[in-house]
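Some notes on the structure that comes next.
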Amino acid sequence: MKKQVNTTVIIKSRMVKILKLQSALNFSHTLLKEIVKPGDVVVDATAGKGNDTLFLAQLVGERGHVYSFDIQAQATQLTQRLVEQHQVEQQTTVINDGHENLTNYVKSPITAAIFNLGYLPEGDHKIVTKPQTTLKSVQSMMKLLKPNGIIILVIYYGHPGGKQEKEQVLQFAKSIDQHQFNVLQYQFINQIHEPPILLALQKR
Ligand SMILES: C[S@@+](CC[C@H](N)C(=O)[O-])C[C@H]1O[C@@H](n2cnc3c(N)ncnc32)[C@H](O)[C@@H]1O
């Protein structure tokens, strides 16, 4: 009797993953996603329309907490509304105050903080972050940061005063003791129109 042979044809689909270099803003989220875990305490230093606050609130979950700062009531209202729409208000405190006053509100160690320097898009372009208050806040955060925790600054500098802030922040970042922090600078260097710079300060 003739033996029947079952032939299984295996079709292997080739999965090709293409890595594209990310914008500074997208790269900030990639870094946060890697570092922030459920239950962590984190800071959004420049709430604006609340995009980073929402992203962080979803990462920390109900056991964690996000402290979100902005000096403009318009920004804190937009952020609070976004937080409520996505039902993450339990783990979020939106604060209408400057990030330089951080230590009045945040008492526990933090895993991450994010700044988007510059002005509120579609808001008043004259209300911008300032080097003195930005650096005061960064220095407070460096003390509160847990080992391996990260402070990210996405620096927009095309507006009046922006270049001075960029220079002062970069000068400070370069002076940080390498035994205490690893400091990364990320930027497309062949783009016109002042592409944003990402700085990441990771505690060792
Ligand atoms: C580039 S926007 C932030 C955009 C925001 N991350 C978003 O997702 O929409 C910068 C924000 O920083 C705020 N700001 C300026 N100085 C500040 C300060 N000292 N403390 C906190 N926020 C400040 C501005 O009001 C503005 O809303």
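Identifiers in this document derive from the order of the structure tokens: chains are assigned A, B, ..., residues are numbered from 1 separately in each chain, and ligands are numbered from 1 in order of occurrence.
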Write out as CSV the residues of chain A that have any atom within 9 Å of an atom of ligand 1, one row each with the nearest atom pair and its distance in Å to one decimal, counting only C-alpha atoms and all ligand atoms, sorted by chain and then rising number.
```
residue,atom,partner,partner_atom_place_in_ligand_line,distance
A:Asp44,CA,ligand 1,6 (N),7.5
A:Ala45,CA,ligand 1,21 (C),5.6
A:Thr46,CA,ligand 1,12 (O),4.1
A:Ala47,CA,ligand 1,5 (C),4.8
A:Gly48,CA,ligand 1,27 (O),3.6
A:Lys49,CA,ligand 1,9 (O),3.7
A:Gly50,CA,ligand 1,8 (O),4.9
A:Asn51,CA,ligand 1,8 (O),3.9
A:Asp52,CA,ligand 1,8 (O),5.0
A:Thr53,CA,ligand 1,8 (O),7.4
A:Leu54,CA,ligand 1,8 (O),8.8
A:Ser68,CA,ligand 1,21 (C),8.4
A:Phe69,CA,ligand 1,21 (C),4.9
A:Asp70,CA,ligand 1,22 (N),3.5
A:Ile71,CA,ligand 1,22 (N),4.8
A:Gln72,CA,ligand 1,25 (O),4.9
A:Ala73,CA,ligand 1,25 (O),8.4
A:Gln74,CA,ligand 1,27 (O),8.2
A:Ala75,CA,ligand 1,27 (O),5.6
A:Thr76,CA,ligand 1,27 (O),8.3
A:Thr79,CA,ligand 1,9 (O),8.3
A:Ile95,CA,ligand 1,21 (C),8.8
A:Asn96,CA,ligand 1,21 (C),7.9
A:Asp97,CA,ligand 1,20 (N),6.2
A:Gly98,CA,ligand 1,20 (N),3.3
A:His99,CA,ligand 1,20 (N),4.0
A:Glu100,CA,ligand 1,19 (N),6.0
A:Asn101,CA,ligand 1,20 (N),8.2
A:Leu102,CA,ligand 1,20 (N),9.0
A:Ile114,CA,ligand 1,6 (N),8.1
A:Phe115,CA,ligand 1,6 (N),6.8
A:Asn116,CA,ligand 1,1 (C),4.7
A:Leu117,CA,ligand 1,1 (C),5.0
A:Gly118,CA,ligand 1,1 (C),4.5
A:Tyr119,CA,ligand 1,10 (C),4.5
A:Leu120,CA,ligand 1,2 (S),4.0
A:Pro121,CA,ligand 1,2 (S),6.5
A:Gly123,CA,ligand 1,27 (O),7.7
A:Asp124,CA,ligand 1,25 (O),8.3
A:His125,CA,ligand 1,26 (C),8.9
A:Ile127,CA,ligand 1,25 (O),5.9
A:Val128,CA,ligand 1,15 (C),4.7
A:Thr129,CA,ligand 1,16 (N),3.8
A:Lys130,CA,ligand 1,16 (N),6.4
A:Gln132,CA,ligand 1,19 (N),8.9
A:Thr133,CA,ligand 1,19 (N),5.6
A:Thr134,CA,ligand 1,19 (N),6.5
A:Ser137,CA,ligand 1,19 (N),8.4
A:Val154,CA,ligand 1,1 (C),8.5
A:Ile155,CA,ligand 1,1 (C),8.4
A:Tyr156,CA,ligand 1,1 (C),7.3
```
Between CA of Ile110 (chain A) and CA of Asp40 (chain A), measure the distance and give it in Å to one decimal.
->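 Here the two named atoms are 7.0 Å from each other.
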Give me the residues of region 106-177 of chain A that have any atom at most 7 Å from an atom of region 16-39 of chain A; for each, the nearest atom pair and the distance in Å, rounded to one decimal. Use only C-alpha atoms, sort by chain and number, and format it as JSON lines.
```
{"residue": "A:Thr111", "atom": "CA", "partner": "A:Val36", "partner_atom": "CA", "distance": 6.5}
{"residue": "A:Ala112", "atom": "CA", "partner": "A:Val36", "partner_atom": "CA", "distance": 6.8}
{"residue": "A:Ile152", "atom": "CA", "partner": "A:Ser28", "partner_atom": "CA", "distance": 6.9}
{"residue": "A:Val154", "atom": "CA", "partner": "A:Ala24", "partner_atom": "CA", "distance": 6.7}
```
Determine which residues of region 114-144 of chain A DSSP labels as helix (DSSP H, G or I) from the backbone of this structure, then write them out as a PDB file with all heavy atoms, in the first residue's frame.
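Dumped everything to states08.pdb:
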```pdb
ATOM      1  N   PRO A 131      15.419  81.156  32.325  1.00  0.00           N
ATOM      2  CA  PRO A 131      16.561  80.350  32.785  1.00  0.00           C
ATOM      3  C   PRO A 131      16.689  80.246  34.301  1.00  0.00           C
ATOM      4  O   PRO A 131      16.959  79.159  34.816  1.00  0.00           O
ATOM      5  CB  PRO A 131      17.772  81.064  32.178  1.00  0.00           C
ATOM      6  CG  PRO A 131      17.280  82.318  31.556  1.00  0.00           C
ATOM      7  CD  PRO A 131      15.812  82.217  31.393  1.00  0.00           C
ATOM      8  N   GLN A 132      16.465  81.353  34.993  1.00  0.00           N
ATOM      9  CA  GLN A 132      16.686  81.330  36.447  1.00  0.00           C
ATOM     10  C   GLN A 132      15.736  80.358  37.159  1.00  0.00           C
ATOM     11  O   GLN A 132      16.155  79.557  37.997  1.00  0.00           O
ATOM     12  CB  GLN A 132      16.477  82.739  36.983  1.00  0.00           C
ATOM     13  CG  GLN A 132      17.302  83.024  38.215  1.00  0.00           C
ATOM     14  CD  GLN A 132      16.965  84.397  38.798  1.00  0.00           C
ATOM     15  OE1 GLN A 132      16.294  85.207  38.159  1.00  0.00           O
ATOM     16  NE2 GLN A 132      17.427  84.639  40.008  1.00  0.00           N
ATOM     17  N   THR A 133      14.448  80.430  36.793  1.00  0.00           N
ATOM     18  CA  THR A 133      13.458  79.560  37.442  1.00  0.00           C
ATOM     19  C   THR A 133      13.583  78.113  36.952  1.00  0.00           C
ATOM     20  O   THR A 133      13.419  77.166  37.719  1.00  0.00           O
ATOM     21  CB  THR A 133      12.030  80.096  37.200  1.00  0.00           C
ATOM     22  OG1 THR A 133      11.914  80.551  35.853  1.00  0.00           O
ATOM     23  CG2 THR A 133      11.701  81.215  38.155  1.00  0.00           C
ATOM     24  N   THR A 134      13.919  77.960  35.671  1.00  0.00           N
ATOM     25  CA  THR A 134      14.121  76.598  35.140  1.00  0.00           C
ATOM     26  C   THR A 134      15.253  75.917  35.912  1.00  0.00           C
ATOM     27  O   THR A 134      15.105  74.780  36.385  1.00  0.00           O
ATOM     28  CB  THR A 134      14.463  76.652  33.630  1.00  0.00           C
ATOM     29  OG1 THR A 134      13.373  77.241  32.930  1.00  0.00           O
ATOM     30  CG2 THR A 134      14.744  75.273  33.070  1.00  0.00           C
ATOM     31  N   LEU A 135      16.370  76.626  36.059  1.00  0.00           N
ATOM     32  CA  LEU A 135      17.539  76.003  36.715  1.00  0.00           C
ATOM     33  C   LEU A 135      17.303  75.779  38.205  1.00  0.00           C
ATOM     34  O   LEU A 135      17.754  74.780  38.769  1.00  0.00           O
ATOM     35  CB  LEU A 135      18.795  76.847  36.469  1.00  0.00           C
ATOM     36  CG  LEU A 135      19.295  76.789  35.024  1.00  0.00           C
ATOM     37  CD1 LEU A 135      20.500  77.687  34.818  1.00  0.00           C
ATOM     38  CD2 LEU A 135      19.634  75.353  34.601  1.00  0.00           C
ATOM     39  N   LYS A 136      16.568  76.682  38.839  1.00  0.00           N
ATOM     40  CA  LYS A 136      16.250  76.476  40.267  1.00  0.00           C
ATOM     41  C   LYS A 136      15.451  75.176  40.428  1.00  0.00           C
ATOM     42  O   LYS A 136      15.708  74.354  41.309  1.00  0.00           O
ATOM     43  CB  LYS A 136      15.438  77.673  40.795  1.00  0.00           C
ATOM     44  CG  LYS A 136      15.155  77.573  42.273  1.00  0.00           C
ATOM     45  CD  LYS A 136      14.410  78.766  42.815  1.00  0.00           C
ATOM     46  CE  LYS A 136      14.061  78.481  44.279  1.00  0.00           C
ATOM     47  NZ  LYS A 136      13.018  79.323  44.796  1.00  0.00           N
ATOM     48  N   SER A 137      14.491  74.991  39.528  1.00  0.00           N
ATOM     49  CA  SER A 137      13.646  73.804  39.582  1.00  0.00           C
ATOM     50  C   SER A 137      14.454  72.533  39.289  1.00  0.00           C
ATOM     51  O   SER A 137      14.318  71.513  39.991  1.00  0.00           O
ATOM     52  CB  SER A 137      12.517  73.972  38.569  1.00  0.00           C
ATOM     53  OG  SER A 137      11.721  72.851  38.529  1.00  0.00           O
ATOM     54  N   VAL A 138      15.305  72.601  38.263  1.00  0.00           N
ATOM     55  CA  VAL A 138      16.122  71.421  37.907  1.00  0.00           C
ATOM     56  C   VAL A 138      17.001  71.029  39.102  1.00  0.00           C
ATOM     57  O   VAL A 138      17.120  69.837  39.438  1.00  0.00           O
ATOM     58  CB  VAL A 138      16.984  71.707  36.656  1.00  0.00           C
ATOM     59  CG1 VAL A 138      18.012  70.610  36.433  1.00  0.00           C
ATOM     60  CG2 VAL A 138      16.103  71.861  35.412  1.00  0.00           C
ATOM     61  N   GLN A 139      17.579  72.019  39.760  1.00  0.00           N
ATOM     62  CA  GLN A 139      18.473  71.713  40.887  1.00  0.00           C
ATOM     63  C   GLN A 139      17.712  71.086  42.058  1.00  0.00           C
ATOM     64  O   GLN A 139      18.221  70.170  42.706  1.00  0.00           O
ATOM     65  CB  GLN A 139      19.223  72.977  41.316  1.00  0.00           C
ATOM     66  CG  GLN A 139      20.341  73.283  40.332  1.00  0.00           C
ATOM     67  CD  GLN A 139      20.906  74.681  40.473  1.00  0.00           C
ATOM     68  OE1 GLN A 139      20.166  75.661  40.498  1.00  0.00           O
ATOM     69  NE2 GLN A 139      22.210  74.787  40.550  1.00  0.00           N
ATOM     70  N   SER A 140      16.474  71.547  42.307  1.00  0.00           N
ATOM     71  CA  SER A 140      15.654  70.913  43.361  1.00  0.00           C
ATOM     72  C   SER A 140      15.338  69.469  42.982  1.00  0.00           C
ATOM     73  O   SER A 140      15.384  68.565  43.808  1.00  0.00           O
ATOM     74  CB  SER A 140      14.315  71.627  43.543  1.00  0.00           C
ATOM     75  OG  SER A 140      14.506  72.957  43.771  1.00  0.00           O
ATOM     76  N   MET A 141      15.024  69.278  41.715  1.00  0.00           N
ATOM     77  CA  MET A 141      14.672  67.921  41.255  1.00  0.00           C
ATOM     78  C   MET A 141      15.856  66.970  41.331  1.00  0.00           C
ATOM     79  O   MET A 141      15.681  65.788  41.635  1.00  0.00           O
ATOM     80  CB  MET A 141      14.186  67.957  39.811  1.00  0.00           C
ATOM     81  CG  MET A 141      12.808  68.498  39.668  1.00  0.00           C
ATOM     82  SD  MET A 141      12.481  68.652  37.940  1.00  0.00           S
ATOM     83  CE  MET A 141      10.938  69.511  37.994  1.00  0.00           C
ATOM     84  N   MET A 142      17.025  67.470  41.045  1.00  0.00           N
ATOM     85  CA  MET A 142      18.222  66.604  41.080  1.00  0.00           C
ATOM     86  C   MET A 142      18.396  65.997  42.471  1.00  0.00           C
ATOM     87  O   MET A 142      18.856  64.867  42.614  1.00  0.00           O
ATOM     88  CB  MET A 142      19.467  67.399  40.666  1.00  0.00           C
ATOM     89  CG  MET A 142      19.489  67.698  39.176  1.00  0.00           C
ATOM     90  SD  MET A 142      20.726  68.926  38.718  1.00  0.00           S
ATOM     91  CE  MET A 142      22.231  67.960  38.814  1.00  0.00           C
ATOM     92  N   LYS A 143      18.002  66.767  43.499  1.00  0.00           N
ATOM     93  CA  LYS A 143      18.108  66.253  44.872  1.00  0.00           C
ATOM     94  C   LYS A 143      17.006  65.232  45.162  1.00  0.00           C
ATOM     95  O   LYS A 143      17.221  64.271  45.894  1.00  0.00           O
ATOM     96  CB  LYS A 143      17.999  67.413  45.876  1.00  0.00           C
ATOM     97  CG  LYS A 143      19.194  68.347  45.801  1.00  0.00           C
ATOM     98  CD  LYS A 143      19.159  69.382  46.916  1.00  0.00           C
ATOM     99  CE  LYS A 143      20.210  70.450  46.657  1.00  0.00           C
ATOM    100  NZ  LYS A 143      19.698  71.802  46.701  1.00  0.00           N
ATOM    101  N   LEU A 144      15.829  65.454  44.590  1.00  0.00           N
ATOM    102  CA  LEU A 144      14.689  64.555  44.855  1.00  0.00           C
ATOM    103  C   LEU A 144      14.738  63.258  44.035  1.00  0.00           C
ATOM    104  O   LEU A 144      14.024  62.295  44.328  1.00  0.00           O
ATOM    105  CB  LEU A 144      13.378  65.262  44.499  1.00  0.00           C
ATOM    106  CG  LEU A 144      12.770  66.245  45.484  1.00  0.00           C
ATOM    107  CD1 LEU A 144      11.524  66.863  44.879  1.00  0.00           C
ATOM    108  CD2 LEU A 144      12.414  65.563  46.813  1.00  0.00           C
TER     109      LEU A 144
END
```
Could you jot down the CA of Ile176 (chain A) to CA of Gly162 (chain A) separation for me, Å, one decimal place?
-> 21.5 Å
For Glu194 (chain A), please output as a list in words all residues within 12 Å (counting only C-alpha atoms; exclusion window: fewer than 4 positions along the same chain).
-> Ile155, Tyr156, Tyr157, Gly158, His159, Gly162, Lys163, Lys166, Gln187, Phe188, Ile189 and Asn190 of chain A
Give me, as a CSV table (one decimal) with N, CA and C atoms, in the first residue's frame, all polymer residues having an atom no more than 7 Å from Gln180 (chain A), counting only C-alpha atoms and skipping those fewer than 3 positions away in the same chain.
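Writing the result to part.csv gives the following:
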```
chain,number,residue,atom,x,y,z
A,177,ASP,N,28.6,67.1,37.7
A,177,ASP,CA,29.6,66.1,38.0
A,177,ASP,C,29.2,64.8,37.3
A,203,LYS,N,20.4,60.2,37.0
A,203,LYS,CA,21.2,60.1,38.3
A,203,LYS,C,21.9,58.7,38.3
A,204,ARG,N,23.2,58.7,38.7
A,204,ARG,CA,23.9,57.4,38.8
A,204,ARG,C,23.7,56.7,40.1
```
Can you list, as a VMD selection string, every residue of region 14-52 of chain A that DSSP puts in strand (DSSP E or B)?
-> chain A and resid 41 to 44
Between CA of Ala200 (chain A) and CA of Asn182 (chain A), measure the distance and give it in Å to one decimal.
-> 8.0 Å
